[in-house]
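Have a look at the structure below, then the notes.
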Amino acid sequence: MSVSNETLNELLTKPSFFQRIKSQDWIWAALVLAGGVFAFVKYAHAMDTYEQAFLLLSIPALIYLGWSWRPIQTYTTAVTLISLLGISLYGGVYANGETVFGLKYLFSSQSAVMWMSALFVLATVFYFGGLVTHNEFILKTASAITWTALVMGLVGLMVRWYESYLVDPEFGHIPVSNLYEVFILFCVITGLLYLYYENSYKTRSMGGFVLLIISAAVGFILWYAFTREGGTIRPLVPALKSYWMKIHVPANFIGYGAFAIAAMTSVIYLLKEYGTQKAPDSFVKYLPSTEVLEDLTYKAIALGFAFFTIATILGAMWAAEAWGGYWSWDPKETWALIVWLNYAAWLHFRFSKGARGTPMAWWAIIGLFVTLFAFLGVNMFLSGLHSYGEL
Amino acid sequence: MTQRRSYSTQLVQFLGSMNLAITLLVVIAFASIIGTVLQQNQPYPSYVIKFGSFWFEIFRVLGLYDVYSSVWFLTILGFLVISTATCIVRNTPGIIRELRHYRENVQEKSLKLMNNSHTLQLNQPSTSLQTTAETILQNQGYRFRTKQTENNVLISAKKGGAHYWGYWLTHLGIIVICLGGLLDSRLPIMIAESKNLITPETRNIPVSQVPKQSYLSADSLAFRGNVRISEGQSTDVLFISVRDGYLVQPLPFEVELKDFRVEHYSTGMPKSFESDLIIRDPDLKEPLIKTIAVNHPLIYKGVAIFQADFGDGGSEVDLKFNAFTPESTAQDLKGKVFRDYKISNATTQYKLELTDFRLFNILPVTDEKGITHQKNVGPSVIFKLRNAAGEAIEYTNYMAPISINNQNYIVSGIRKNPGDPLLYLHIPVDEQGTVNGFMQFMHNLQDADFVRKAAMTATQQSMQDIHLKSPEVEQQIIESMVRLTEVFSTRGFDGITEDINKRFPEDQRKNVNEAFAKVLNAALRAVYLETLKAKGNSNPTEKDWVFYDDSLSAMANLPLYGSPWYVQLTGFKQIQASGLQMSRAPGQNVVYFGSVMLTLGVFLMFYMAQRRIWIWLKPQPNSDNVEMILAGTTNRQQPEFEKFMRTLRQAFESTSVRS
Ligand code: HEM
């Protein structure tokens, strides 16, 4: 709960949740509700019961998200409008992507993703620039660029969703089915989580570091798009044709994104810790205090752990339906368990020993490598039932 | 007695200790890696090949081929459950106290020592401060008790007890999940096996011959196994693979496969795998007819039936044996996949083992522009040809010609060992799209009279062209042509090189090689021209010469091909088999229930902090001032709480200033 500007009056007059809601928030709720109902009426016939339930549940979830963190309202609105623009430019003809200016250079999924990529890299540079020069204006610009990148990223995914139906109605699917698509999702989720922390901790000094990992993901996207035709829309293999994919994959990526942030705040922690001893006058003095960094690392790992728990359970439920058993000790499943156990141990260590400091920071960084292996390494080096995302 | 009690206390201490918990979590994580690196439940011989018999044995004893069912792994998991349970039992009394009590007996001294402790002097009446404090606490969701002693007032407040519910839910959830998993585990099989009640069957024999010793009870609580059914066939058992063998699990019903289908996208990629099943059960008035697909299982009598894989179910294939050499006889065969056939030749006996038929083959095919596409090239038959010595070569023969660089070929893949990549023979097709043109050319090359006649015609023609008349030279040239052609048609280019190496010293070989190549080339062209002429074509086009080049490349590879025939697939009736996986998992809902507990618990623990606030009001003697001790504790979200306490302090201070 944020109590930053609570005055005595607020403390006294019980600002209940609904009293804190402004009229802007009600407009938001109305818009989401209208959009959700519209989508439901228009597409419910093409969905199974589970998908309908997901759509309906996402309405209150999105409203709540927008109420708890208002920038989401602007963000979602921008993404929706631009995506609709992109879709209308297509007008039902896939070939328009190559001829219509607004698509070819801006809002076709591949162009939007290229914009996202470029903007993330630019934002990284700005964040670092602002950090070393301690220039608030540059840092604010960096935040703005990051927001723009996030808009383009999500627009890319939304438009791609539509494109997949244009290529062939039978191909249509939510774009979280191969490495190209999930890396975009990773960039978007990690970016949003980061901005949330940036807002609530009121510091932009960590941006460059967190965006470094997003830039690495961007590097992968570009490599994958240019050498492996990752951007090509392909139909789903039968194993992936399930409503579970729609929630299992995003839940996983909230986990991955949060773990990535925890690792980067740990890197900053180490820089702060060692930097303060070696070069106290360098940029490290603008970094948040070690206490804040520790707290942030904990919060990110807790968030990641919670969503990773959900994702793994959803994965088990999916497996029960697709492979005939909720747990088969398939390498991917097993590595998810390893990641989960590792962070469970981390959390216990922190509370039992009240452990703080550099070992926990190193552990959080190693945790990201374990996670990375579970995410990529398993597909590359081990064989199993998971059929998605071969390199 | 005391000694003993302290041992058991120590044991409980140890089992419920966080150190053990952390150690177990890390140990399980590491142990789990083994099974992901070492492929589990493979046939034993493949492990022997990989590790050698010494390490194979050691790994086997350690249970590394099925780590997750090994006794030591299950023991560690058991310890986790015991440790978590002990932990809950040990912590629960304390937690109940935490939930119940407001700690109204707290000492002033300990309040002042707390992390979040503020002492303020306020010039407000104690009663009004008390009302303010109580209103604030109430509005902030705290529950509180107020205690009056003499003049002093102590308000003890707390909130966030849900945190502890989270603790219970999380840790109980883990136990519930593990117990649910245990219900579905193979523990009963492991126990029955250790008591010698059952023994896995390792031979590949029909179900009817499997001894009772390898049968599981029809009312096994939980099982998960596989079975493959051909179209039109049915089964009432399931196979459960155990290490290098299997057990037979009788089913409470019979399943027949009516039809199996693979649907394809426009790209040729598979879109869905579906089986039409008929369930027969005395309890059913009428057979139950249902279609299952990947991600869409059927659940009947607690048994879930899944589409797992598919394969051939014994398709009927028509084969035509095109002989490469005159001594092999051309013949036809109507065969069935999975059966063996005796095929004989003038000299040798072969066994033809039909192993597979595939209706669709998606292969990378390069088009005119040099772009590679995935394309369906149509049906193929896969078989092994085993000679008298027992050596076998595996062949993959495609029914239809495949276009490569705008040229059509009959393609046949071969390999000597199962894991090897396929090597391909490309036979160019004639105008009719058959291998006959190639075979005719090849047979003519093997026909000494035909070669001689062609060689004569060609030589006479060229001697005439250069106005040379020498019967000896002519005869010599014709003889070399005939001989080289014979060597080539039996042993390929390699045969010629061998001959040269045998007959000429090293320094002459290069020249001889060139000379031979010219002569051979002339001979082959001569035979080809003669072959065309016999078909009424005396004006070969560019296309004919491409065919010529392709034929020679194919012939050059023939000595490696190893089969005296090109076995052509001319017709088929596909019969498919569907691989079904069936499972009964009574623990599944238990596991799901535990998972819900775990998820709820984790969120409560992370996002609900247990907080306590004490407000001690002490009117100061001889003044209007009241000393307020404002102190609090929290078990999570320290920074937020500190901030809140500071706000609270400011709030009280502002009341003071205002009045
Ligand atoms: C797979 C096994 C386990 C899992 C997944 C698990 C999970 C968790 C999680 C997520 C937390 C919350 C940490 C936080 O708030 O940041 C926690 C707290 C805790 N766990 Fe476990 N745990 C497990 C086993 C155990 C065992 C065996 C013990 C016994 C020693 C134990 C004792 C505790 C205690 C004492 C807490 C702190 C509760 C509090 O906040 O006061 N846990 N556990």
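Ligands are numbered from 1 in the order shown, residues from 1 within each chain, and chains are lettered A, B, ... in the order they appear in the structure tokens.
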Would you mind listing what lies within 12 Å of A:Phe38 as a PyMOL selection string, with only C-alpha atoms counted and same-chain residues fewer than 5 positions away left out? chain A and resi 30-33+43-44+55-56+59
With the cut-off set at 8 Å and counting only C-alpha atoms and all ligand atoms, tabulate each residue of chain B with an atom at most that distance from an atom of ligand 1, showing the nearest atom pair and its distance in Å to one decimal, ordered by chain and increasing number, as JSON lines.
```
{"residue": "B:Leu15", "atom": "CA", "partner": "ligand 1", "partner_atom_place_in_ligand_line": "30 (C)", "distance": 7.4}
{"residue": "B:Gly16", "atom": "CA", "partner": "ligand 1", "partner_atom_place_in_ligand_line": "30 (C)", "distance": 4.6}
{"residue": "B:Ser17", "atom": "CA", "partner": "ligand 1", "partner_atom_place_in_ligand_line": "30 (C)", "distance": 4.4}
{"residue": "B:Met18", "atom": "CA", "partner": "ligand 1", "partner_atom_place_in_ligand_line": "30 (C)", "distance": 3.8}
{"residue": "B:Asn19", "atom": "CA", "partner": "ligand 1", "partner_atom_place_in_ligand_line": "30 (C)", "distance": 7.1}
{"residue": "B:Leu20", "atom": "CA", "partner": "ligand 1", "partner_atom_place_in_ligand_line": "30 (C)", "distance": 6.8}
{"residue": "B:Ala21", "atom": "CA", "partner": "ligand 1", "partner_atom_place_in_ligand_line": "27 (C)", "distance": 4.2}
{"residue": "B:Ile22", "atom": "CA", "partner": "ligand 1", "partner_atom_place_in_ligand_line": "27 (C)", "distance": 7.5}
{"residue": "B:Leu24", "atom": "CA", "partner": "ligand 1", "partner_atom_place_in_ligand_line": "27 (C)", "distance": 8.0}
{"residue": "B:Leu25", "atom": "CA", "partner": "ligand 1", "partner_atom_place_in_ligand_line": "1 (C)", "distance": 6.4}
{"residue": "B:Leu80", "atom": "CA", "partner": "ligand 1", "partner_atom_place_in_ligand_line": "27 (C)", "distance": 5.9}
{"residue": "B:Val81", "atom": "CA", "partner": "ligand 1", "partner_atom_place_in_ligand_line": "27 (C)", "distance": 7.1}
{"residue": "B:Ile82", "atom": "CA", "partner": "ligand 1", "partner_atom_place_in_ligand_line": "27 (C)", "distance": 7.7}
{"residue": "B:Ser83", "atom": "CA", "partner": "ligand 1", "partner_atom_place_in_ligand_line": "27 (C)", "distance": 4.7}
{"residue": "B:Thr84", "atom": "CA", "partner": "ligand 1", "partner_atom_place_in_ligand_line": "27 (C)", "distance": 3.4}
{"residue": "B:Ala85", "atom": "CA", "partner": "ligand 1", "partner_atom_place_in_ligand_line": "27 (C)", "distance": 7.1}
{"residue": "B:Thr86", "atom": "CA", "partner": "ligand 1", "partner_atom_place_in_ligand_line": "29 (C)", "distance": 7.0}
{"residue": "B:Cys87", "atom": "CA", "partner": "ligand 1", "partner_atom_place_in_ligand_line": "29 (C)", "distance": 4.1}
{"residue": "B:Ile88", "atom": "CA", "partner": "ligand 1", "partner_atom_place_in_ligand_line": "29 (C)", "distance": 6.9}
{"residue": "B:Asn91", "atom": "CA", "partner": "ligand 1", "partner_atom_place_in_ligand_line": "35 (C)", "distance": 7.1}
{"residue": "B:His163", "atom": "CA", "partner": "ligand 1", "partner_atom_place_in_ligand_line": "40 (O)", "distance": 7.0}
{"residue": "B:Tyr164", "atom": "CA", "partner": "ligand 1", "partner_atom_place_in_ligand_line": "41 (O)", "distance": 6.9}
{"residue": "B:Tyr167", "atom": "CA", "partner": "ligand 1", "partner_atom_place_in_ligand_line": "38 (C)", "distance": 5.5}
{"residue": "B:Thr170", "atom": "CA", "partner": "ligand 1", "partner_atom_place_in_ligand_line": "7 (C)", "distance": 6.2}
{"residue": "B:His171", "atom": "CA", "partner": "ligand 1", "partner_atom_place_in_ligand_line": "22 (N)", "distance": 5.7}
{"residue": "B:Ile174", "atom": "CA", "partner": "ligand 1", "partner_atom_place_in_ligand_line": "1 (C)", "distance": 5.9}
{"residue": "B:Val602", "atom": "CA", "partner": "ligand 1", "partner_atom_place_in_ligand_line": "10 (C)", "distance": 5.4}
{"residue": "B:Met605", "atom": "CA", "partner": "ligand 1", "partner_atom_place_in_ligand_line": "15 (O)", "distance": 5.2}
{"residue": "B:Phe606", "atom": "CA", "partner": "ligand 1", "partner_atom_place_in_ligand_line": "15 (O)", "distance": 4.9}
{"residue": "B:Asn635", "atom": "CA", "partner": "ligand 1", "partner_atom_place_in_ligand_line": "40 (O)", "distance": 6.8}
{"residue": "B:Arg636", "atom": "CA", "partner": "ligand 1", "partner_atom_place_in_ligand_line": "15 (O)", "distance": 7.2}
```
Which chain B residues are at most 7 Å from chain A (counting only C-alpha atoms), as a ChimeraX atom specification? /B:18,22,25-26,29,32,36-37,135-136,139-140,270-272,294-297,306,308,581-583,595,599,602-603,606,644,651
Using DSSP secondary structure from the backbone, list all strand (DSSP E) positions within stretch 468-617 of chain B, as a short mmCIF file (atom, residue, chain, number, x, y, z; two decimals) with N, CA and C atoms, in the first residue's frame.
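Wrote result_5.cif, looks like this:
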```cif
data_model
loop_
_atom_site.label_atom_id
_atom_site.label_comp_id
_atom_site.auth_asym_id
_atom_site.auth_seq_id
_atom_site.Cartn_x
_atom_site.Cartn_y
_atom_site.Cartn_z
N TRP B 565 18.01 -54.79 -57.34
CA TRP B 565 16.78 -54.28 -57.92
C TRP B 565 16.54 -52.85 -57.49
N TYR B 566 15.84 -52.14 -58.32
CA TYR B 566 15.19 -50.95 -57.82
C TYR B 566 13.76 -51.37 -57.51
N VAL B 567 13.41 -51.31 -56.23
CA VAL B 567 12.09 -51.78 -55.81
C VAL B 567 11.11 -50.62 -55.90
N GLN B 568 10.19 -50.76 -56.81
CA GLN B 568 9.30 -49.64 -57.09
C GLN B 568 7.95 -49.86 -56.42
N LEU B 569 7.48 -48.80 -55.76
CA LEU B 569 6.16 -48.85 -55.14
C LEU B 569 5.14 -48.49 -56.22
N THR B 570 4.26 -49.42 -56.56
CA THR B 570 3.33 -49.14 -57.66
C THR B 570 1.90 -48.95 -57.18
N GLY B 571 1.59 -49.43 -55.98
CA GLY B 571 0.23 -49.25 -55.47
C GLY B 571 0.22 -49.52 -53.98
N PHE B 572 -0.85 -49.09 -53.30
CA PHE B 572 -0.89 -49.31 -51.87
C PHE B 572 -2.30 -49.21 -51.35
N LYS B 573 -2.51 -49.81 -50.19
CA LYS B 573 -3.73 -49.55 -49.42
C LYS B 573 -3.24 -49.23 -48.02
N GLN B 576 -3.50 -47.46 -41.11
CA GLN B 576 -2.73 -46.72 -40.11
C GLN B 576 -2.92 -47.30 -38.73
N ALA B 577 -2.03 -46.92 -37.84
CA ALA B 577 -2.17 -47.31 -36.44
C ALA B 577 -2.11 -46.04 -35.62
N SER B 578 -2.88 -46.02 -34.56
CA SER B 578 -2.88 -44.86 -33.70
C SER B 578 -2.25 -45.24 -32.37
N GLY B 579 -1.35 -44.38 -31.89
CA GLY B 579 -0.74 -44.63 -30.58
C GLY B 579 -1.56 -43.92 -29.53
N LEU B 580 -2.11 -44.68 -28.62
CA LEU B 580 -2.93 -44.08 -27.57
C LEU B 580 -2.18 -44.15 -26.25
N GLN B 581 -2.36 -43.12 -25.48
CA GLN B 581 -1.87 -43.17 -24.11
C GLN B 581 -3.10 -43.14 -23.21
N MET B 582 -3.12 -44.02 -22.22
CA MET B 582 -4.26 -44.01 -21.31
C MET B 582 -3.75 -43.92 -19.89
N SER B 583 -4.48 -43.18 -19.09
CA SER B 583 -4.03 -43.07 -17.71
C SER B 583 -5.21 -42.97 -16.77
N ARG B 584 -5.00 -43.51 -15.60
CA ARG B 584 -5.96 -43.29 -14.53
C ARG B 584 -5.16 -42.65 -13.42
N ARG B 611 1.32 -7.15 10.74
CA ARG B 611 1.80 -5.91 11.35
C ARG B 611 1.18 -5.71 12.72
N ARG B 612 1.98 -5.12 13.59
CA ARG B 612 1.45 -4.74 14.91
C ARG B 612 1.83 -3.29 15.18
N ILE B 613 0.89 -2.59 15.77
CA ILE B 613 1.19 -1.21 16.17
C ILE B 613 0.72 -1.03 17.61
N TRP B 614 1.57 -0.42 18.38
CA TRP B 614 1.15 -0.07 19.74
C TRP B 614 1.18 1.44 19.89
N ILE B 615 0.17 1.97 20.50
CA ILE B 615 0.18 3.40 20.81
C ILE B 615 -0.02 3.55 22.31
N TRP B 616 0.98 4.05 22.94
CA TRP B 616 0.96 4.19 24.39
C TRP B 616 0.81 5.66 24.71
N LEU B 617 -0.25 6.02 25.41
CA LEU B 617 -0.47 7.43 25.75
C LEU B 617 -0.23 7.62 27.24
#
```
In stretch 119-362 of chain A, DSSP alpha helix (DSSP H) residues written as an MDAnalysis selection string: chainID A and resid 119:133 136:167 179:201 207:227 244:278 290:322 331:352 358:362
Considering only C-alpha atoms, return as a ChimeraX atom specification whatever protein or nucleic-acid residues lie within 7 Å of stretch 185-190 of chain A, sequence-local ones (same chain, fewer than 3 positions apart) excluded. /A:150,153-154,181-182,193-194,214,217,253-254,257-258
A:Phe220 surroundings by only C-alpha atoms, 12 Å radius, close-in-sequence under 2 positions cut, as a list in words: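 Returned residues: Ser117, Leu179, Tyr180, Glu181, Val182, Phe183, Ile184, Phe186, Cys187, Ile213, Ile214, Ser215, Ala216, Ala217, Val218, Leu222, Trp223, Tyr224, Ala225, Phe226, Thr227, Arg228, Gly230, Leu376 and Leu391 of chain A.
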Please list as a list in words every residue within 9 Å of stretch 428-436 of chain B, counting only C-alpha atoms and excluding residues in the same chain fewer than 2 positions away. Asn322, Ala400, Pro401, Gln407, Asn408, Tyr409, Ile410, Val411, His426, Phe438, Met439, Gln440, Phe441, Phe547, Tyr548, Asp550, Ser551 and Ala554 of chain B
Would you kindly return, as a list in words, each protein, DNA or RNA residue with an atom no farther than 9 Å from any atom of stretch 204-216 of chain B, considering only C-alpha atoms and excluding same-chain residues fewer than 6 positions away?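 The neighbour list is Ile189, Leu197, Ile198, Val237, Tyr246, Leu247, Val248, Gln249 and Pro250 of chain B.
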Could you list, as number ranges by chain, every residue within 7 Å of B:Pro364, counting only C-alpha atoms and ignoring same-chain residues fewer than 2 positions away? B: 362, 366, 372-375
Please report the interatomic distance between atom CA of A:Pro288 and atom CA of A:Gly191 in Å with one decimal.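 Separating atom CA of A:Pro288 from atom CA of A:Gly191 is a distance of 19.0 Å.
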